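Since the structure comes first, as structure tokens, the remarks are kept for the end.
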Amino acid sequence: MRSVNLNSVLQRLDRLSRVLIFNLSSCPLQSSKMAKVEWQSKPVKGLLIDISGVLKSGSEPIAGSVEGLRLLYESGLPFRIVTNESQCTVTVLLRMLQRMGFNLKADDIFSPIPAVVELLRKEQLRPYLIVHPDVEKEFDEFKSEEEPNCVVLADAQEHFNYDSLNKVFRLLIEMEKPQIFSLGTGKYYEGDDGLLHLDVGPFTKAVEYATGLKAKIVGKPSSEFFLSALNDLGIKPEEAVMIGDDVVSDVGGAQDCGMRGILVRTGKYRTKDEQHTVKPDAIFNNFNDAIHAILNI
Amino acid sequence: MALKGLRSVLIDLSGTLHIDNEITPGAVDALKRLRETNVIIKFVTNTTKESKRFLYERLCKLGFDLKHDEILTSLLAARQVLQSESLRPMLLVDSAALEDFEGLTNFEGEPDSVVVGLAPEHFNYDKLNQAFRLLLEGAKLIAIHEGRYYKRADGLALGPGPFVKALEYAAGGPATVVGKPSAEFFHIGLSGVHPASAVMIGDDVNDDINGAQNIGMHGYLVQTGKYRPGDEDKISPKPFKTVPNFAAAVEDIIKQMNS
């Protein structure tokens, strides 16, 4: 039998009251109120964290997130930054985050580009790319004189246009065994200009609709991607929490593979996300609040 | 007989009255004979590019006797939706089609609707972002049609459909599709005539015949244009009639009206 420790009871009460206050102040939904108490019933042994809209908004850190990440580092709780950012390399991304004041190492970041490169290598494929020029060199080893036999779509921004999409459409309908790899299914994200920008997802849908093919998703929200990040951390899905601003890709994707998904009200978050069929295990105003709740501080 | 009280006939253009610059056998005379029955005639076509004026001039040149306002295109159906809902559109349509939207583009404030036709020059990241942001703010998405691809001189090329799907996915709402086979389109063409008292003649078993029969019209499938043997078995219920060409459809209609 476990002995009852007064301290832990007090701690629990304190946490409960904070959760309740949080719910009263900012969460009108009864169902998520119940989920809130529920989500901390299992221990949290590691975190997966989205970047855009959670740690930073455009080129600015989101208020409190540098502090939140510092607290997380100091707590020793393991984590990975999982991102579908595919318009820049991990090195560039890391440098940008460090400049903003985030204390991070290259190993902390888990990106779909190395994952897709690995996959192409393994299957010995010759990709045709619609990617941002900044990441093209990551695919240098696949340069070939021969016709491509698959297509890789990443967040290519202005490189998505009628001609580039028409080109991949024509290539795909000519291929013997056509394959599309899409780095995530993101619909949109908040850009450096503070405006919302189309992500790779809509363009993948366009190519899928035109060709009748189904793309293979590398990156969030594919379970494969989440699970390999967790594998990197050495923890099981039920021990992990994902924090993101995308109710479908971050929260839904995490929940689909057995993790708990926390939504933050920053970045691309919109009020209507709280009415979505995907129900986050918890919702916080920002990353810093989420870290405080997870670390119980 | 089924066509006793026939009041209106809707006719497809390309593939039915003509194929490129050639009329289908006997089509000009058949149209004259149909006019003598005093039914209301409308020419209905899915187009994302050709304006009403362009189509009118082409048909006149081919020798058809018709009036300008007997033509209904999917572009004009989009115009009608914009007008009836007093919408301020952002137009992603070919510049050749802009004249069909005359008078609807001078407004103050943000657009509250996005019309997508086939407009390669507008399908770039900036324009699509602009359209997407409007949709996210609640603008209505109107698709001229959802074709996946079409045949161009240099091979197959993307139609408007993929771009409609991209915007639907990003903004999370379905588009209103205004062309054939949407029920709304046929109702506009009938302008108040009961569908049971109307006939559709066309070469596309899905867009023309199934679309029309879905709202209770009688469909005459012609075996010209894009018709391929066996098309009549692809829909249920089958076309009301399957006939060799437009002239044969008219002959049968007149016979049925008088029997």
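As shown in the structure tokens, the chain order sets the letters A, B, ...; within each chain, residues go from 1, and ligands are also counted from 1 in the order they appear.
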Near chain B, 6 Å: chain A residue rows, closest pairs, only C-alpha atoms, as a tab-separated table:
residue	atom	partner	partner_atom	distance
A:Glu158	CA	B:Tyr125	CA	4.9
A:Phe160	CA	B:Tyr125	CA	5.8
A:Asn161	CA	B:Asn124	CA	4.2
A:Tyr162	CA	B:Phe123	CA	5.4
A:Asn166	CA	B:Leu158	CA	5.9
A:Lys187	CA	B:Ala170	CA	4.8
A:His197	CA	B:Asn129	CA	5.9
A:Pro202	CA	B:Ala166	CA	4.1
A:Phe203	CA	B:Ala166	CA	5.8
A:Lys205	CA	B:Ala166	CA	5.7
A:Ala206	CA	B:Pro162	CA	4.0
A:Tyr209	CA	B:Pro162	CA	5.8
A:Ala210	CA	B:Arg148	CA	4.9
Using only C-alpha atoms, determine which residues lie at most 12 Å from Gln213 (chain B), disregarding the query and same-chain residues fewer than 2 positions distant; provide the list as a ChimeraX atom specification.
/B:180-183,186-187,195-202,205-211,215-221,235-241
Taking the DSSP assignment computed from this structure's backbone, write out as a PyMOL selection string all residues of region 147-197 of chain B that belong to helix (DSSP H, G or I).
chain B and resi 161-171+183-190+195-197
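If only C-alpha atoms are the atoms counted, then among A:Gly184, A:Pro178, A:Gly244, A:Gly191 the closest residue to Thr204 (chain A) is A:Gly184.
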Quick check, in Å to one decimal: how far apart do CA of Tyr73 (chain A) and CA of Asn103 (chain A) lie?
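CA of Asn103 (chain A) lies at a distance of 8.2 Å from CA of Tyr73 (chain A).
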Could you tell me, as a list of chain:residue names, which residues of region 40-134 of chain B DSSP assigns to strand (DSSP E) when given the backbone?
B:Ile40, B:Ile41, B:Lys42, B:Phe43, B:Val44, B:Thr45, B:Ile71, B:Leu72, B:Thr73, B:Pro89, B:Met90, B:Leu91, B:Leu92, B:Ser113, B:Val114, B:Val115, B:Val116
Region 26-28 of chain B environment, 10 Å, only C-alpha atoms, sequence neighbours closer than 4 positions dropped, as a list in words:
Thr16, Leu17, His18, Lys32, Arg33, Leu59, Leu62, Gly63, Phe64, Asp65, Asn245, Phe246, Ala247, Ala248, Ala249 and Val250 of chain B
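Computed from the coordinates, the CA of Leu119 (chain A) to CA of Glu176 (chain A) distance equals 19.2 Å.
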Would you pick out the contacts of Thr83 (chain A) at 9 Å or less, using only C-alpha atoms, so that residues sharing its chain but fewer than 6 positions from it are not included, and give the list as a list in words?
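Once the adjacent positions are removed, what remains is Ile49, Asp50, Ile51, Ser52, Ile109, Phe110, Ser111, Pro112, Gly219 and Lys220 of chain A.
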Between CA of Ser59 (chain A) and CA of Ser86 (chain A), what distance in Å does the model show, to one decimal?
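So the answer is 15.6 Å.
Omitting Leu172 (chain A) and its sequence neighbours fewer than 6 positions away, and counting only C-alpha atoms, the residues within 12 Å are Pro127, Tyr128, Glu147, Pro148, Asn149, Cys150, Val151, Val152, Leu165, Asn166, Pro178, Gln179, Ile180, Phe181, Val207, Glu208, Ala210, Thr211, Gly212, Leu213, Lys214 and Ala215 of chain A; Leu156 of chain B.
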Shell of 12 Å around Glu137 (chain B), only C-alpha atoms, local chain residues under 2 positions omitted, as number ranges by chain:
A: 196, 270; B: 110-114, 130-135, 139-141, 171-173
Take the residues from that selection and put them in a file with N, CA, C and O atoms, as an mmCIF file, in the first residue's frame.
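File part.cif, as written:
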data_model
loop_
_atom_site.group_PDB
_atom_site.id
_atom_site.type_symbol
_atom_site.label_atom_id
_atom_site.label_comp_id
_atom_site.auth_asym_id
_atom_site.auth_seq_id
_atom_site.Cartn_x
_atom_site.Cartn_y
_atom_site.Cartn_z
ATOM 1 N N LEU A 196 -1.182 34.356 -42.832
ATOM 2 C CA LEU A 196 -1.236 32.906 -43.000
ATOM 3 C C LEU A 196 -0.840 32.541 -44.432
ATOM 4 O O LEU A 196 -1.252 33.191 -45.385
ATOM 5 N N ARG A 270 -7.238 29.133 -33.957
ATOM 6 C CA ARG A 270 -8.423 29.981 -34.059
ATOM 7 C C ARG A 270 -9.474 29.412 -33.108
ATOM 8 O O ARG A 270 -9.533 28.191 -32.917
ATOM 9 N N GLU B 110 -13.083 44.478 -48.949
ATOM 10 C CA GLU B 110 -12.521 43.178 -49.268
ATOM 11 C C GLU B 110 -13.519 42.323 -50.051
ATOM 12 O O GLU B 110 -14.723 42.403 -49.803
ATOM 13 N N PRO B 111 -13.020 41.478 -50.957
ATOM 14 C CA PRO B 111 -13.921 40.505 -51.588
ATOM 15 C C PRO B 111 -14.513 39.562 -50.536
ATOM 16 O O PRO B 111 -13.882 39.305 -49.512
ATOM 17 N N ASP B 112 -15.721 39.066 -50.806
ATOM 18 C CA ASP B 112 -16.330 38.108 -49.879
ATOM 19 C C ASP B 112 -16.639 36.799 -50.591
ATOM 20 O O ASP B 112 -17.452 36.000 -50.135
ATOM 21 N N SER B 113 -15.997 36.615 -51.756
ATOM 22 C CA SER B 113 -16.172 35.370 -52.489
ATOM 23 C C SER B 113 -14.990 35.192 -53.437
ATOM 24 O O SER B 113 -14.350 36.162 -53.813
ATOM 25 N N VAL B 114 -14.737 33.931 -53.780
ATOM 26 C CA VAL B 114 -13.630 33.605 -54.686
ATOM 27 C C VAL B 114 -14.194 32.710 -55.779
ATOM 28 O O VAL B 114 -14.806 31.685 -55.489
ATOM 29 N N GLN B 130 -3.815 34.709 -51.262
ATOM 30 C CA GLN B 130 -4.834 35.757 -51.101
ATOM 31 C C GLN B 130 -6.229 35.139 -51.056
ATOM 32 O O GLN B 130 -7.045 35.475 -50.201
ATOM 33 N N ALA B 131 -6.480 34.238 -52.004
ATOM 34 C CA ALA B 131 -7.791 33.589 -52.067
ATOM 35 C C ALA B 131 -8.048 32.804 -50.785
ATOM 36 O O ALA B 131 -9.122 32.893 -50.188
ATOM 37 N N PHE B 132 -7.045 32.068 -50.348
ATOM 38 C CA PHE B 132 -7.170 31.231 -49.152
ATOM 39 C C PHE B 132 -7.489 32.080 -47.913
ATOM 40 O O PHE B 132 -8.350 31.726 -47.105
ATOM 41 N N ARG B 133 -6.805 33.225 -47.777
ATOM 42 C CA ARG B 133 -7.050 34.078 -46.602
ATOM 43 C C ARG B 133 -8.475 34.610 -46.608
ATOM 44 O O ARG B 133 -9.126 34.703 -45.560
ATOM 45 N N LEU B 134 -8.980 34.946 -47.799
ATOM 46 C CA LEU B 134 -10.370 35.402 -47.885
ATOM 47 C C LEU B 134 -11.315 34.277 -47.464
ATOM 48 O O LEU B 134 -12.279 34.506 -46.728
ATOM 49 N N LEU B 135 -11.032 33.076 -47.927
ATOM 50 C CA LEU B 135 -11.900 31.936 -47.604
ATOM 51 C C LEU B 135 -11.912 31.678 -46.107
ATOM 52 O O LEU B 135 -12.946 31.385 -45.515
ATOM 53 N N ALA B 139 -15.211 33.905 -46.830
ATOM 54 C CA ALA B 139 -15.646 34.130 -48.206
ATOM 55 C C ALA B 139 -16.176 32.825 -48.805
ATOM 56 O O ALA B 139 -15.775 31.729 -48.402
ATOM 57 N N LYS B 140 -17.085 32.971 -49.781
ATOM 58 C CA LYS B 140 -17.697 31.800 -50.415
ATOM 59 C C LYS B 140 -16.827 31.355 -51.595
ATOM 60 O O LYS B 140 -16.398 32.187 -52.398
ATOM 61 N N LEU B 141 -16.592 30.051 -51.684
ATOM 62 C CA LEU B 141 -15.787 29.504 -52.782
ATOM 63 C C LEU B 141 -16.717 28.995 -53.884
ATOM 64 O O LEU B 141 -17.556 28.136 -53.646
ATOM 65 N N ALA B 171 -8.918 25.737 -46.567
ATOM 66 C CA ALA B 171 -9.868 26.586 -45.843
ATOM 67 C C ALA B 171 -10.984 25.788 -45.190
ATOM 68 O O ALA B 171 -11.793 26.333 -44.447
ATOM 69 N N GLY B 172 -11.027 24.483 -45.466
ATOM 70 C CA GLY B 172 -11.941 23.616 -44.735
ATOM 71 C C GLY B 172 -13.406 23.683 -45.110
ATOM 72 O O GLY B 172 -14.256 23.357 -44.294
ATOM 73 N N GLY B 173 -13.726 24.103 -46.333
ATOM 74 C CA GLY B 173 -15.142 24.110 -46.710
ATOM 75 C C GLY B 173 -15.321 23.732 -48.164
ATOM 76 O O GLY B 173 -14.442 23.984 -48.974
#
Taking 4 positions as the minimum chain separation for residues in the same chain, which residues sit within 12 Å of Gln98 (chain A) when counting only C-alpha atoms? Answer as number ranges by chain.
A: 55-56, 59-61, 66, 69, 90-94, 102-106
Could you write out the selected residues, including N, CA and C atoms, as a PDB file, in the first residue's frame?
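File written: result25.pdb
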ATOM      1  N   LEU A  55       6.654  27.819 -30.430  1.00  0.00           N
ATOM      2  CA  LEU A  55       7.844  28.485 -29.895  1.00  0.00           C
ATOM      3  C   LEU A  55       8.005  29.863 -30.511  1.00  0.00           C
ATOM      4  N   LYS A  56       7.734  29.924 -31.828  1.00  0.00           N
ATOM      5  CA  LYS A  56       7.938  31.201 -32.515  1.00  0.00           C
ATOM      6  C   LYS A  56       6.769  31.510 -33.433  1.00  0.00           C
ATOM      7  N   SER A  59       9.377  35.330 -37.347  1.00  0.00           N
ATOM      8  CA  SER A  59      10.777  35.356 -36.913  1.00  0.00           C
ATOM      9  C   SER A  59      10.916  35.817 -35.463  1.00  0.00           C
ATOM     10  N   GLU A  60       9.789  35.862 -34.735  1.00  0.00           N
ATOM     11  CA  GLU A  60       9.807  36.308 -33.337  1.00  0.00           C
ATOM     12  C   GLU A  60       9.459  35.150 -32.400  1.00  0.00           C
ATOM     13  N   PRO A  61      10.146  35.076 -31.252  1.00  0.00           N
ATOM     14  CA  PRO A  61       9.711  34.068 -30.280  1.00  0.00           C
ATOM     15  C   PRO A  61       8.355  34.469 -29.697  1.00  0.00           C
ATOM     16  N   VAL A  66      10.675  31.203 -24.675  1.00  0.00           N
ATOM     17  CA  VAL A  66      12.099  31.025 -24.392  1.00  0.00           C
ATOM     18  C   VAL A  66      12.255  30.577 -22.935  1.00  0.00           C
ATOM     19  N   LEU A  69      10.997  26.953 -22.476  1.00  0.00           N
ATOM     20  CA  LEU A  69      11.952  25.954 -22.944  1.00  0.00           C
ATOM     21  C   LEU A  69      13.126  25.831 -21.973  1.00  0.00           C
ATOM     22  N   VAL A  90      17.824  21.886 -41.206  1.00  0.00           N
ATOM     23  CA  VAL A  90      17.876  21.838 -39.742  1.00  0.00           C
ATOM     24  C   VAL A  90      18.903  22.848 -39.216  1.00  0.00           C
ATOM     25  N   THR A  91      20.039  22.939 -39.902  1.00  0.00           N
ATOM     26  CA  THR A  91      21.091  23.862 -39.463  1.00  0.00           C
ATOM     27  C   THR A  91      20.599  25.310 -39.462  1.00  0.00           C
ATOM     28  N   VAL A  92      19.923  25.682 -40.559  1.00  0.00           N
ATOM     29  CA  VAL A  92      19.414  27.054 -40.665  1.00  0.00           C
ATOM     30  C   VAL A  92      18.361  27.311 -39.590  1.00  0.00           C
ATOM     31  N   LEU A  93      17.492  26.321 -39.413  1.00  0.00           N
ATOM     32  CA  LEU A  93      16.429  26.432 -38.424  1.00  0.00           C
ATOM     33  C   LEU A  93      17.017  26.586 -37.014  1.00  0.00           C
ATOM     34  N   LEU A  94      18.008  25.771 -36.716  1.00  0.00           N
ATOM     35  CA  LEU A  94      18.640  25.794 -35.400  1.00  0.00           C
ATOM     36  C   LEU A  94      19.270  27.161 -35.137  1.00  0.00           C
ATOM     37  N   PHE A 102      16.533  30.658 -27.918  1.00  0.00           N
ATOM     38  CA  PHE A 102      16.213  29.289 -27.490  1.00  0.00           C
ATOM     39  C   PHE A 102      17.497  28.497 -27.291  1.00  0.00           C
ATOM     40  N   ASN A 103      17.560  27.812 -26.178  1.00  0.00           N
ATOM     41  CA  ASN A 103      18.719  27.000 -25.847  1.00  0.00           C
ATOM     42  C   ASN A 103      18.502  25.601 -26.437  1.00  0.00           C
ATOM     43  N   LEU A 104      19.004  25.368 -27.644  1.00  0.00           N
ATOM     44  CA  LEU A 104      18.737  24.100 -28.337  1.00  0.00           C
ATOM     45  C   LEU A 104      19.983  23.550 -29.011  1.00  0.00           C
ATOM     46  N   LYS A 105      20.041  22.224 -29.170  1.00  0.00           N
ATOM     47  CA  LYS A 105      21.104  21.569 -29.926  1.00  0.00           C
ATOM     48  C   LYS A 105      20.492  20.931 -31.179  1.00  0.00           C
ATOM     49  N   ALA A 106      21.358  20.614 -32.142  1.00  0.00           N
ATOM     50  CA  ALA A 106      20.869  20.010 -33.397  1.00  0.00           C
ATOM     51  C   ALA A 106      20.104  18.717 -33.124  1.00  0.00           C
TER      52      ALA A 106
END
